[in-house]
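Below you'll find the structure, written out as structure tokens, and then a few comments.
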Amino acid sequence: MTRGKFITFEGPDGSGKTTVSSAVCERLTELGYSVRYSREPGGSNIAERIRDIILDPDHTDMDPRCEALLYAASRRQHLTDIILPSLEQGTHVICDRFVDSSVAYQGFGRHIGAEPIREINAFATDGILPDKTIFLDVPAEIGLERINAGRREKDRLDQEGIAFHQAVYDGYRHVVETGGDRIVVIDASKPVDEVIENALSAVREILDGE
Ligand SMILES: Nc1ncnc2c1ncn2[C@@H]1O[C@H](COP(=O)(O)OP(=O)(O)OP(=O)(O)O)[C@@H](O)[C@H]1O
Ligand SMILES: [Mg+2]
């Protein structure tokens with residue numbers, strides 16, 4: 001059986017990851033692809049509970065390295081519970097966020113640096129990276145405006161100031177610059193339907209290729 005492809009969606013807060021990745025997944029299913037949608041922490045019981053600790057608005061004094069390790073721990077459990085079994089069954093996995101988010105948020109947003117974050121995540125994932133990553137490119141302030149206009153409840157990381165979100169965006173630029181062919185950049189400042197169409201054709205190219 002052919003192993004499924006692992007595709008992630010990345011981008012700053014409010015770039016449209018959840019909207020676009022779920023729409024793309026629905027369209028792929030309609031088109032007859034075998035695809036599983038997931039998001040970190042992915043409905044994995046243990047991963048979900050670790051994530052609750054990270055995002056609790058009361059945990060304002062969480063140490064940055066503790067935060068980074070908890071994300072990596074949650075990711076590990078999601079990978080082994082959900083992602084790997086699906087790929088092994090030949091199902092493609094579309095995932096809302098993965099390791100690149102940690103490089104951007106903990107590596108740059110929290111100033112830990114990209115390399116230590118890559119190292120702890122390489123341990124957590126056994127070096128597994130997505131086959132392709134769709135980066136939804138939008139300036140930090142536009143993403144934040146979208147979040148503020150929406151009604152989604154803010155978690156601990158949403159409450160950070162613009163400097164944090166600007167650093168996260170710089171982190172994503174670093175991810176794009178160092179990611180080579182793995183990263184496909186899509187202009188996410190366009191109208192949402194256009195972004196979905198562009199992301200869908202990029203993903204279909206990946207699933208139909210090779
Ligand atoms: N291209 C777009 N143009 C305008 N609004 C958009 C666009 N894409 C998404 N939105 C809106 O922006 C808001 C945030 O979108 P969404 O939740 O998908 O972003 P996200 O990247 O998943 O954010 P987070 O990082 O907080 O999970 C939603 O209200 C969504 O409808
Ligand atoms: Mg989201």
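We label chains A, B, ... in the order they appear in the structure tokens, count residues from 1 in each chain, and number ligands from 1 in the order shown.
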
>> Neighbouring residues of ligand 2 are defined here as those with any atom at most 10 Å from a ligand atom, counting only C-alpha atoms and all ligand atoms; list them as a count of residues only.
In response: 20

>> If DSSP is run on the backbone, what residues of segment 15-182 of chain A are alpha helix (DSSP H)? A reply as an MDAnalysis selection string would be ideal.
In response: chainID A and resid 17:30 45:55 64:78 84:88 99:102 114:125 140:149 162:179

>> To test your reading of the structure, identify every residue in segment 51-100 of chain A that backbone DSSP assigns to strand (DSSP E or B), and report it as a count of residues only.
In response: 5

So that I can check the surroundings of Ser44 of chain A, please list as a CSV table (one decimal) with N, CA, C and O atoms, in the first residue's frame every protein, DNA and RNA residue that reaches within 12 Å of it, counting only C-alpha atoms and ignoring chain neighbours fewer than 2 positions away.
chain,number,residue,atom,x,y,z
A,38,SER,N,-6.7,16.9,10.5
A,38,SER,CA,-6.3,17.0,11.9
A,38,SER,C,-5.7,18.3,12.3
A,38,SER,O,-5.4,19.1,11.4
A,39,ARG,N,-5.7,18.6,13.5
A,39,ARG,CA,-5.1,19.9,13.9
A,39,ARG,C,-4.4,19.6,15.3
A,39,ARG,O,-4.9,18.7,16.0
A,40,GLU,N,-3.3,20.3,15.5
A,40,GLU,CA,-2.7,20.1,16.8
A,40,GLU,C,-3.6,20.6,17.9
A,40,GLU,O,-4.1,21.7,17.7
A,41,PRO,N,-3.9,19.9,18.9
A,41,PRO,CA,-3.4,18.6,19.3
A,41,PRO,C,-4.2,17.4,18.8
A,41,PRO,O,-4.0,16.3,19.3
A,42,GLY,N,-5.1,17.6,17.9
A,42,GLY,CA,-5.6,16.6,17.0
A,42,GLY,C,-6.6,15.6,17.7
A,42,GLY,O,-6.7,14.5,17.2
A,46,ILE,N,-4.5,12.6,25.3
A,46,ILE,CA,-3.3,13.0,26.1
A,46,ILE,C,-2.8,14.3,25.5
A,46,ILE,O,-2.5,15.3,26.3
A,47,ALA,N,-2.7,14.4,24.2
A,47,ALA,CA,-2.2,15.6,23.6
A,47,ALA,C,-3.1,16.8,23.9
A,47,ALA,O,-2.6,17.9,24.1
A,48,GLU,N,-4.4,16.6,23.9
A,48,GLU,CA,-5.3,17.6,24.2
A,48,GLU,C,-5.1,18.2,25.6
A,48,GLU,O,-5.2,19.4,25.9
A,49,ARG,N,-4.9,17.2,26.6
A,49,ARG,CA,-4.7,17.7,28.0
A,49,ARG,C,-3.4,18.5,28.2
A,49,ARG,O,-3.4,19.4,28.9
A,50,ILE,N,-2.4,18.1,27.4
A,50,ILE,CA,-1.1,18.9,27.5
A,50,ILE,C,-1.4,20.3,27.0
A,50,ILE,O,-1.0,21.3,27.5
A,51,ARG,N,-2.1,20.3,25.8
A,51,ARG,CA,-2.4,21.6,25.2
A,51,ARG,C,-3.2,22.5,26.1
A,51,ARG,O,-3.0,23.7,26.1
A,74,SER,N,3.1,17.3,23.3
A,74,SER,CA,1.8,17.2,22.8
A,74,SER,C,1.8,16.7,21.3
A,74,SER,O,1.1,15.8,20.9
A,75,ARG,N,2.8,17.3,20.6
A,75,ARG,CA,3.0,16.9,19.1
A,75,ARG,C,3.3,15.4,19.0
A,75,ARG,O,2.8,14.7,18.1
A,76,ARG,N,4.2,14.9,19.9
A,76,ARG,CA,4.6,13.5,19.8
A,76,ARG,C,3.4,12.6,19.9
A,76,ARG,O,3.2,11.7,19.2
A,77,GLN,N,2.5,12.9,20.9
A,77,GLN,CA,1.4,12.1,21.2
A,77,GLN,C,0.4,12.1,20.0
A,77,GLN,O,-0.1,11.1,19.6
A,78,HIS,N,0.2,13.3,19.4
A,78,HIS,CA,-0.7,13.5,18.3
A,78,HIS,C,-0.1,12.7,17.1
A,78,HIS,O,-0.9,12.0,16.3
A,79,LEU,N,1.2,12.7,16.9
A,79,LEU,CA,1.9,12.0,15.8
A,79,LEU,C,1.6,10.5,15.9
A,79,LEU,O,1.2,9.9,14.9
A,80,THR,N,1.9,10.0,17.1
A,80,THR,CA,1.8,8.5,17.2
A,80,THR,C,0.3,8.0,17.3
A,80,THR,O,0.0,6.9,16.8
A,81,ASP,N,-0.6,8.9,17.9
A,81,ASP,CA,-2.0,8.5,18.0
A,81,ASP,C,-2.7,8.6,16.7
A,81,ASP,O,-3.6,7.8,16.4
A,82,ILE,N,-2.5,9.7,15.9
A,82,ILE,CA,-3.3,10.0,14.8
A,82,ILE,C,-2.6,10.0,13.5
A,82,ILE,O,-3.0,9.4,12.5
A,83,ILE,N,-1.5,10.8,13.4
A,83,ILE,CA,-0.9,11.1,12.1
A,83,ILE,C,-0.3,9.8,11.5
A,83,ILE,O,-0.6,9.4,10.4

> A:Tyr33, A:Phe123, A:Tyr71, A:Tyr169: which is nearest ligand 1, counting only C-alpha atoms and all ligand atoms?
Replying inline: A:Tyr169

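Comparing the minimum interatomic distances between Gly171 of chain A and each of A:Phe6, A:Tyr37, A:Phe98, A:Phe108, counting only C-alpha atoms, we find that A:Phe108 sits nearest.
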
> Could you name the residues that touch Lys190 of chain A at 12 Å or less, counting only C-alpha atoms, but leaving out those on the same chain fewer than 3 positions away, as a list in words?
Replying inline: Ser15, Gly16, Leu136, Asp137, Val138, Pro139, Ile142, Ile186, Asp187, Asp193, Glu194, Val195, Ile196, Glu197, Asn198 and Ala199 of chain A

>> What's the separation between atom CA of Pro116 of chain A and atom CA of Asp170 of chain A, in Å to one decimal place?
In response: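 That distance, rounded to one decimal, is 16.9 Å.
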
> Mind pulling up the distance from atom CA of Leu200 of chain A to atom CA of Arg27 of chain A?
Replying inline: 7.9 Å

> At what distance in Å, to one decimal, does atom CA of Ile54 of chain A lie from atom CA of Arg118 of chain A?
Replying inline: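 Calculated distance between atom CA of Arg118 of chain A and atom CA of Ile54 of chain A is 19.0 Å.
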
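If only C-alpha atoms and all ligand atoms are the atoms counted, then among A:Ser101, A:Gln106, A:Gln166, A:Thr133 the closest residue to ligand 1 is A:Ser101.
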
> With only C-alpha atoms and all ligand atoms as the basis for distance, which of A:Glu115, A:Asp126, A:Glu145, A:Glu67 is at the shortest distance from ligand 1?
Replying inline: A:Glu145

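For the set A:His174, A:Glu205, A:Val184, A:Arg3, the residue with the smallest atom-to-atom gap to Gly113 of chain A is A:His174, counting only C-alpha atoms.
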
> With only C-alpha atoms as the basis for distance, which of A:Ile134, A:Leu69, A:Leu129, A:Ala188 is at the shortest distance from Ser102 of chain A?
Replying inline: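 Going through A:Ile134, A:Leu69, A:Leu129, A:Ala188 one by one, the smallest distance to Ser102 of chain A is for A:Leu69.
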